[in-house]
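A.B. asks: Here it is, the structure, as structure tokens.
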Amino acid sequence: MTILDAFRDGGRSLQQRIESAFDAFFGSAGNPWRHLGALGFYFAWIAMVTGIYLFIVLDTGIEDVYTSINYYTHEQWWLGGILRSLHRYSADALVVVMLLHLAREFFYGRYHGFRWFSWITGVPVIWLVYASGIGGYWLVWDKLGQFSAIASAEWFDWLPIFSDPATRNFLMPESLNDRFFSLLVFLHIGIPLLLMLALWAHLRRGSRPDVFSSRALGWVSFSMLLALSLIKPTVSHGRADLAVVPTALDFDWYYLFIHPLMYLTSPLGLWAIAGGLTLLLLVLPLLPHRKPEPIAVVDPRNCNGCRRCFDDCPFTAVVMDPHPDKPGHELARVIPDLCASCGICAGACPSSTPFRSVEALVTGIDMPRQPVSKLREEMERRIATLVVSPKILVFGCECAADARRLDSADTAVMNLMCSGLLPPSFVEYALRSGVDGVLVTGCREGSCAFRFGTQWADQRLRGTREPHLRASVPPARLCTTWADPHENDSLEIARDRFREHLKILGADEKRLRAYTRRTAHHG
Amino acid sequence: MDNAAVSHPHAFKFTPLSIVGQAIFYGLFALIVGYFSTAPRYQHLAPDHALIKLSFSHHGQPVTECRKRTTEELAKLAPNMRAPMACPRERSPVTVQVELDGKPLHKSVIAPSGLSKDGTSTTYQRFEVPAGEHTLSVKMNDNLRVEGFNHVREEKLTLKPAQIVVIDFSADKGGIFFAQ
């Protein structure tokens, strides 16, 4: 294990503990740690919507820009002032959640393999967020804006891109004119539009991107920003004066920390730090990583074009093509570069039922490492080893709490690549093959390495998503419990409680009719 | 059946404890966002200091004199290119030396920009100096064919704290000038 792996794994463990703890207070849908990306979008939208009003009322004259902002801050505090504060604080909160999102995705190892594109396209997003935010400070044209504009110009002057130093634009009061602020407004609108474009690219490789926070999360976050705006309204520094150095500044460290960093080092030093960190982020996906699992394979003879794999794939890796032989029908196709090898598609395939009486169980879309036929074989073999009642079969997940620890005389464990790989019919098959209860476990929602594995598995078992578990399966004999890798004890407790529950339930109560598999040479 | 760690979104129910927990979290989040949005205060320049900025964008003189082309030389040129004078494109680098109260503050030789070295020599430097009375002396040479400095300016200045003095060059303003 490399130092990077150790750092990442340690961070992930800490992250998962924090998220689990927050689930108790927020629930997974309202847990801000699990929806940092959506929160980032939410804060960006607040900044943009409030920015529209500020754009309307802003006077871009060199003398008027400061006066107009101050007027709306103080005289029209109940609208302009609050919107200005919301604009500022939502932009600050955006930086906080963006950096936390970056750290979280790194800790979860979501930066290489099939995720490289989302990671790489996230890097320019960081630059664009900072460019948008810093440009906003200049627009106010107070002492802080003056300081930031000059410091930024001094930084960019290190690059050999200007024929005249950009700093010469700020040398003397007469160096500036009204057009400068028109340009700033143009940039402060144009760069966020570029940011939206970059975010669009950032989300290209995931289906159902988490860009809209839940209603509860949205309202509480907005209320927080509004309360902050009322308690501590954003105000300007004194009017900019190019003949005087801004000395003591009430600083926005989220965006402007780069300026003190430059004066602490040098323009070159800051370029080295910013460029080095950017390069590091870009290089991370290229570092050696574990060899990816073989990707999903479509079997055209068993694919009926139902589109469930297409609907459920979290990474848009499955597309539907016109069937070459059956007009009006479709056939699934896997895009190799996008496939995460999670198996969620195999769990979604209606052909993945173990009740099929074919000689060789082949499904419409399958995982080479854990094909459905092997899963059925292993399940039958594992059930046969159970000697103590109540007999429990556990479907575990390789990414979640270690289900293999539960293996014992009354508990057999089938560890899946992802809980989303489990076709619900396997639960019924197990119950009709002699087990007294089935426990399904996987990552907590939001921790799933493949985004929707837990969610889809849960919905299929609850009967709200196709393919669903048949209604005839007694819910009392099924337990779902979601536990992250640090929650092995919770999983064990859940199994023990399930065991006691099954003992109370008795052997015959709510039991499905036994099933013996017949085999035939045709499907 | 009670589950030990169910995290299904629909399974979550608000309780007084969860509301208190959320209030504490969002309160802390607001505190962090609000605090670092304006604090701690950044002291960019020591309170008793002023700033001198040296900046100019100036074409140095041609490295050699223009000379008159001979008849033979002119004959070899295309008719539309027969300019009587041949002037070099390359410009002299600009040497600048700044002294404060007789002590050297800065010295540099600024090369002309451009592949043919025919562009302007540009610079931007900032010097933080104690406020108060100073003698500021700036010397410049923009002509390789001249020994020593061909532009000089020296002034006694009284700098207030946080004041900015700009050293610039403009032929229209008589060469080196101080703006304050």
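Ligands are numbered from 1 in the order shown, residues from 1 within each chain, and chains are lettered A, B, ... in the order they appear in the structure tokens.
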Show me, as a VMD selection string, the residues that have an atom within 7 Å of B:Gly132 when counting only C-alpha atoms, minus same-chain residues fewer than 3 positions from it.

C.D. replies: chain B and resid 158 to 160

A.B. asks: I'd like the contact shell of stretch 250-262 of chain A - 8 Å cut-off, only C-alpha atoms, skipping same-chain residues fewer than 5 positions apart - returned as a PDB file with N, CA and C atoms, in the first residue's frame.

C.D. replies:
```pdb
ATOM      1  N   ASP A  92     -19.308  32.227  -1.025  1.00  0.00           N
ATOM      2  CA  ASP A  92     -18.361  31.695  -0.036  1.00  0.00           C
ATOM      3  C   ASP A  92     -18.694  30.242   0.298  1.00  0.00           C
ATOM      4  N   VAL A  95     -17.522  27.777  -2.263  1.00  0.00           N
ATOM      5  CA  VAL A  95     -16.117  27.370  -2.157  1.00  0.00           C
ATOM      6  C   VAL A  95     -15.958  26.277  -1.090  1.00  0.00           C
ATOM      7  N   VAL A  96     -16.642  26.465   0.038  1.00  0.00           N
ATOM      8  CA  VAL A  96     -16.515  25.484   1.125  1.00  0.00           C
ATOM      9  C   VAL A  96     -16.985  24.109   0.645  1.00  0.00           C
ATOM     10  N   TYR A 130     -13.084  30.328  -8.775  1.00  0.00           N
ATOM     11  CA  TYR A 130     -12.229  31.372  -8.197  1.00  0.00           C
ATOM     12  C   TYR A 130     -12.194  32.621  -9.081  1.00  0.00           C
ATOM     13  N   GLY A 133     -15.433  34.477  -8.555  1.00  0.00           N
ATOM     14  CA  GLY A 133     -15.524  35.107  -7.239  1.00  0.00           C
ATOM     15  C   GLY A 133     -14.601  36.299  -7.096  1.00  0.00           C
ATOM     16  N   ILE A 134     -13.365  36.143  -7.540  1.00  0.00           N
ATOM     17  CA  ILE A 134     -12.396  37.227  -7.369  1.00  0.00           C
ATOM     18  C   ILE A 134     -12.802  38.436  -8.220  1.00  0.00           C
ATOM     19  N   LEU A 144     -10.910  46.915  -0.952  1.00  0.00           N
ATOM     20  CA  LEU A 144     -10.639  45.485  -1.099  1.00  0.00           C
ATOM     21  C   LEU A 144     -10.563  45.108  -2.577  1.00  0.00           C
ATOM     22  N   SER A 148      -7.364  43.612  -4.521  1.00  0.00           N
ATOM     23  CA  SER A 148      -7.447  42.339  -5.232  1.00  0.00           C
ATOM     24  C   SER A 148      -7.108  42.507  -6.711  1.00  0.00           C
ATOM     25  N   ALA A 151      -3.307  43.052  -6.969  1.00  0.00           N
ATOM     26  CA  ALA A 151      -2.583  41.817  -6.641  1.00  0.00           C
ATOM     27  C   ALA A 151      -2.747  40.795  -7.766  1.00  0.00           C
ATOM     28  N   SER A 152      -3.960  40.719  -8.322  1.00  0.00           N
ATOM     29  CA  SER A 152      -4.189  39.770  -9.424  1.00  0.00           C
ATOM     30  C   SER A 152      -3.368  40.178 -10.644  1.00  0.00           C
ATOM     31  N   TRP A 155       0.130  39.279 -10.228  1.00  0.00           N
ATOM     32  CA  TRP A 155       0.311  37.832 -10.390  1.00  0.00           C
ATOM     33  C   TRP A 155       0.371  37.461 -11.873  1.00  0.00           C
ATOM     34  N   PRO A 267       5.092  36.142  -7.111  1.00  0.00           N
ATOM     35  CA  PRO A 267       4.187  35.720  -8.190  1.00  0.00           C
ATOM     36  C   PRO A 267       4.558  34.348  -8.747  1.00  0.00           C
ATOM     37  N   GLY A 269       6.125  32.035  -7.116  1.00  0.00           N
ATOM     38  CA  GLY A 269       5.796  31.060  -6.066  1.00  0.00           C
ATOM     39  C   GLY A 269       4.327  30.677  -6.102  1.00  0.00           C
ATOM     40  N   LEU A 270       3.466  31.684  -6.307  1.00  0.00           N
ATOM     41  CA  LEU A 270       2.029  31.395  -6.352  1.00  0.00           C
ATOM     42  C   LEU A 270       1.678  30.588  -7.595  1.00  0.00           C
TER      43      LEU A 270
ATOM     44  N   PHE B  36     -14.946  33.661   8.183  1.00  0.00           N
ATOM     45  CA  PHE B  36     -13.820  33.758   7.248  1.00  0.00           C
ATOM     46  C   PHE B  36     -14.145  34.604   6.023  1.00  0.00           C
ATOM     47  N   SER B  37     -15.375  35.066   5.938  1.00  0.00           N
ATOM     48  CA  SER B  37     -15.743  35.960   4.847  1.00  0.00           C
ATOM     49  C   SER B  37     -15.167  37.358   5.071  1.00  0.00           C
ATOM     50  N   THR B  38     -14.879  37.689   6.313  1.00  0.00           N
ATOM     51  CA  THR B  38     -14.331  39.037   6.589  1.00  0.00           C
ATOM     52  C   THR B  38     -13.210  39.019   7.635  1.00  0.00           C
ATOM     53  N   ALA B  39     -12.817  37.893   8.099  1.00  0.00           N
ATOM     54  CA  ALA B  39     -11.830  37.846   9.173  1.00  0.00           C
ATOM     55  C   ALA B  39     -10.953  36.607   9.011  1.00  0.00           C
ATOM     56  N   PRO B  40      -9.782  36.581   9.613  1.00  0.00           N
ATOM     57  CA  PRO B  40      -9.160  37.686  10.328  1.00  0.00           C
ATOM     58  C   PRO B  40      -8.696  38.792   9.376  1.00  0.00           C
ATOM     59  N   ARG B  41      -8.532  39.963   9.951  1.00  0.00           N
ATOM     60  CA  ARG B  41      -8.156  41.137   9.150  1.00  0.00           C
ATOM     61  C   ARG B  41      -6.752  40.935   8.557  1.00  0.00           C
ATOM     62  N   TYR B  42      -6.599  41.350   7.316  1.00  0.00           N
ATOM     63  CA  TYR B  42      -5.301  41.209   6.647  1.00  0.00           C
ATOM     64  C   TYR B  42      -4.609  42.567   6.593  1.00  0.00           C
ATOM     65  N   HIS B  44      -2.038  44.456   4.865  1.00  0.00           N
ATOM     66  CA  HIS B  44      -1.264  44.356   3.629  1.00  0.00           C
ATOM     67  C   HIS B  44       0.048  45.135   3.717  1.00  0.00           C
TER      68      HIS B  44
END
```

A.B. asks: With only C-alpha atoms as the counted atoms, please give the residues lying no more than 12 Å from B:Asp48, apart from itself and same-chain residues fewer than 5 positions off, as a list in words.

C.D. replies: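 The residues satisfying every condition are Val245 and Thr247 of chain A; Gln43, Glu128, Val129, Pro130, Ala131, Gly132, Leu159, Lys160, Pro161, Ala162 and Gln163 of chain B.
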
A.B. asks: With a distance threshold of 8 Å and counting only C-alpha atoms, extract the residues of chain A near chain B and express them as number ranges by chain.

C.D. replies: A: 23-29, 89, 92-93, 96, 163-165, 167-168, 171-172, 220-221, 224-225, 228, 232, 242-254, 260, 444-445, 455, 458, 476, 479-483, 490-491, 493-494, 498, 501

A.B. asks: Those same residues, written as a compact mmCIF listing (two decimals), in the first residue's frame with N, CA and C atoms?

C.D. replies:
```txt
# COMPACT_ATOMS: atom_id res chain seq x y z
N ASP A 23 -26.14 11.04 9.35
CA ASP A 23 -27.38 10.38 8.91
C ASP A 23 -28.40 10.35 10.03
N ALA A 24 -27.91 10.21 11.27
CA ALA A 24 -28.82 10.11 12.41
C ALA A 24 -29.61 11.41 12.60
N PHE A 25 -29.02 12.53 12.22
CA PHE A 25 -29.68 13.82 12.42
C PHE A 25 -30.38 14.34 11.16
N PHE A 26 -29.88 13.92 10.01
CA PHE A 26 -30.38 14.50 8.76
C PHE A 26 -31.10 13.50 7.86
N GLY A 27 -30.83 12.22 8.05
CA GLY A 27 -31.28 11.24 7.06
C GLY A 27 -30.38 11.36 5.85
N SER A 28 -30.31 10.33 5.02
CA SER A 28 -29.34 10.39 3.92
C SER A 28 -29.73 11.45 2.88
N ALA A 29 -31.03 11.66 2.65
CA ALA A 29 -31.44 12.64 1.64
C ALA A 29 -31.13 14.07 2.08
N TYR A 89 -22.40 35.48 0.46
CA TYR A 89 -22.29 34.30 1.32
C TYR A 89 -22.55 33.00 0.55
N ASP A 92 -19.31 32.23 -1.03
CA ASP A 92 -18.36 31.70 -0.04
C ASP A 92 -18.69 30.24 0.30
N ALA A 93 -20.00 29.99 0.51
CA ALA A 93 -20.42 28.63 0.85
C ALA A 93 -20.12 27.68 -0.31
N VAL A 96 -16.64 26.47 0.04
CA VAL A 96 -16.52 25.48 1.12
C VAL A 96 -16.99 24.11 0.65
N SER A 163 1.74 42.77 -23.48
CA SER A 163 2.81 43.61 -24.03
C SER A 163 3.17 44.69 -23.01
N ASP A 164 2.16 45.23 -22.36
CA ASP A 164 2.37 46.18 -21.27
C ASP A 164 1.94 45.51 -19.98
N PRO A 165 2.61 45.74 -18.86
CA PRO A 165 2.16 45.11 -17.62
C PRO A 165 0.72 45.50 -17.30
N THR A 167 -0.54 45.70 -14.53
CA THR A 167 -0.55 46.55 -13.34
C THR A 167 -0.53 48.03 -13.70
N ARG A 168 -0.07 48.35 -14.91
CA ARG A 168 -0.02 49.76 -15.30
C ARG A 168 -1.43 50.36 -15.42
N LEU A 171 -1.99 52.12 -12.04
CA LEU A 171 -0.88 52.91 -11.47
C LEU A 171 -1.38 54.20 -10.84
N MET A 172 -2.20 54.90 -11.58
CA MET A 172 -2.63 56.22 -11.12
C MET A 172 -4.14 56.34 -11.31
N VAL A 220 -33.30 24.66 4.36
CA VAL A 220 -32.49 24.92 5.56
C VAL A 220 -31.23 25.69 5.18
N SER A 221 -30.61 25.32 4.06
CA SER A 221 -29.38 26.02 3.64
C SER A 221 -29.69 27.47 3.29
N MET A 224 -30.25 29.44 6.37
CA MET A 224 -28.96 29.73 7.02
C MET A 224 -28.31 30.97 6.38
N LEU A 225 -28.29 31.00 5.05
CA LEU A 225 -27.67 32.14 4.35
C LEU A 225 -28.44 33.43 4.62
N LEU A 228 -27.72 34.65 8.08
CA LEU A 228 -26.36 35.23 8.10
C LEU A 228 -26.37 36.62 7.46
N LYS A 232 -25.27 39.61 9.73
CA LYS A 232 -23.99 40.23 9.37
C LYS A 232 -24.02 40.64 7.89
N LEU A 242 -6.41 54.95 -5.98
CA LEU A 242 -5.16 54.37 -6.49
C LEU A 242 -3.92 55.11 -6.00
N ALA A 243 -4.11 56.22 -5.30
CA ALA A 243 -2.96 56.94 -4.77
C ALA A 243 -2.61 56.47 -3.35
N VAL A 244 -3.44 55.61 -2.81
CA VAL A 244 -3.23 55.16 -1.43
C VAL A 244 -3.30 53.63 -1.38
N VAL A 245 -2.39 53.03 -0.62
CA VAL A 245 -2.38 51.57 -0.49
C VAL A 245 -3.48 51.15 0.49
N PRO A 246 -4.32 50.17 0.09
CA PRO A 246 -5.26 49.62 1.08
C PRO A 246 -4.43 48.82 2.10
N THR A 247 -4.51 49.18 3.34
CA THR A 247 -3.63 48.54 4.33
C THR A 247 -4.32 47.42 5.10
N ALA A 248 -5.21 47.79 6.04
CA ALA A 248 -5.89 46.76 6.83
C ALA A 248 -7.21 46.42 6.16
N LEU A 249 -7.38 45.13 5.82
CA LEU A 249 -8.56 44.73 5.04
C LEU A 249 -9.32 43.61 5.74
N ASP A 250 -10.65 43.77 5.80
CA ASP A 250 -11.50 42.68 6.29
C ASP A 250 -11.65 41.70 5.14
N PHE A 251 -10.94 40.64 5.26
CA PHE A 251 -10.61 39.81 4.11
C PHE A 251 -11.54 38.63 3.92
N ASP A 252 -11.91 38.34 2.68
CA ASP A 252 -12.62 37.10 2.38
C ASP A 252 -11.58 36.03 2.05
N TRP A 253 -11.30 35.23 3.03
CA TRP A 253 -10.21 34.25 2.88
C TRP A 253 -10.59 33.11 1.94
N TYR A 254 -11.86 32.92 1.68
CA TYR A 254 -12.25 31.81 0.80
C TYR A 254 -11.73 32.05 -0.62
N PRO A 260 -2.44 37.19 -0.23
CA PRO A 260 -1.40 37.13 0.82
C PRO A 260 -0.37 36.04 0.54
N ARG A 444 -24.23 2.35 2.83
CA ARG A 444 -25.30 3.30 3.10
C ARG A 444 -25.56 4.10 1.82
N GLU A 445 -26.79 4.56 1.69
CA GLU A 445 -27.11 5.35 0.50
C GLU A 445 -26.24 6.62 0.50
N GLN A 455 -29.53 2.24 -3.52
CA GLN A 455 -30.87 2.80 -3.78
C GLN A 455 -31.70 1.88 -4.66
N ASP A 458 -32.56 -1.41 -2.84
CA ASP A 458 -33.59 -1.16 -1.84
C ASP A 458 -34.95 -1.01 -2.52
N ALA A 476 -41.43 -10.38 6.28
CA ALA A 476 -40.87 -10.72 7.59
C ALA A 476 -39.62 -11.58 7.46
N CYS A 479 -34.58 -8.93 5.48
CA CYS A 479 -34.06 -7.79 6.25
C CYS A 479 -33.06 -7.04 5.38
N THR A 480 -33.21 -5.73 5.29
CA THR A 480 -32.18 -4.94 4.59
C THR A 480 -31.50 -4.06 5.63
N THR A 481 -30.23 -4.04 5.57
CA THR A 481 -29.49 -3.17 6.50
C THR A 481 -28.27 -2.63 5.78
N TRP A 482 -28.13 -1.33 5.82
CA TRP A 482 -27.05 -0.69 5.04
C TRP A 482 -25.96 -0.22 6.00
N ALA A 483 -24.76 -0.69 5.76
CA ALA A 483 -23.66 -0.40 6.70
C ALA A 483 -22.36 -0.20 5.93
N SER A 490 -22.30 -3.04 13.59
CA SER A 490 -23.72 -2.77 13.34
C SER A 490 -24.33 -3.89 12.51
N LEU A 491 -23.55 -4.33 11.51
CA LEU A 491 -24.04 -5.40 10.65
C LEU A 491 -24.24 -6.68 11.46
N ILE A 493 -24.83 -6.92 14.64
CA ILE A 493 -25.99 -6.74 15.52
C ILE A 493 -27.28 -6.95 14.72
N ALA A 494 -27.29 -6.40 13.49
CA ALA A 494 -28.48 -6.54 12.65
C ALA A 494 -28.75 -8.02 12.36
N PHE A 498 -31.98 -10.15 13.55
CA PHE A 498 -32.75 -10.86 12.52
C PHE A 498 -32.90 -12.34 12.90
N HIS A 501 -35.46 -12.62 15.52
CA HIS A 501 -36.76 -12.38 14.88
C HIS A 501 -37.25 -13.64 14.17
```

A.B. asks: Taking 6 positions as the minimum chain separation for residues in the same chain, which residues sit within 12 Å of A:Ala471 when counting only C-alpha atoms? Answer as a PyMOL selection string.

C.D. replies: chain A and resi 424-425+427-428+460-464+512

A.B. asks: Applying 8 Å and only C-alpha atoms, which residues near A:Ala44 remain after dropping the ones on its own chain fewer than 3 positions away? List them as a PyMOL selection string.

C.D. replies: chain A and resi 40-41+47-48+90-91+94

A.B. asks: Do a neighbour search on stretch 308-314 of chain A at 10 Å with only C-alpha atoms, toss out local chain neighbours closer than 5 positions, and write the hits as a PyMOL selection string.

C.D. replies: chain A and resi 205-209+319-320+332-334+338-340+342-350+364-365+420+450-453+456+465-467
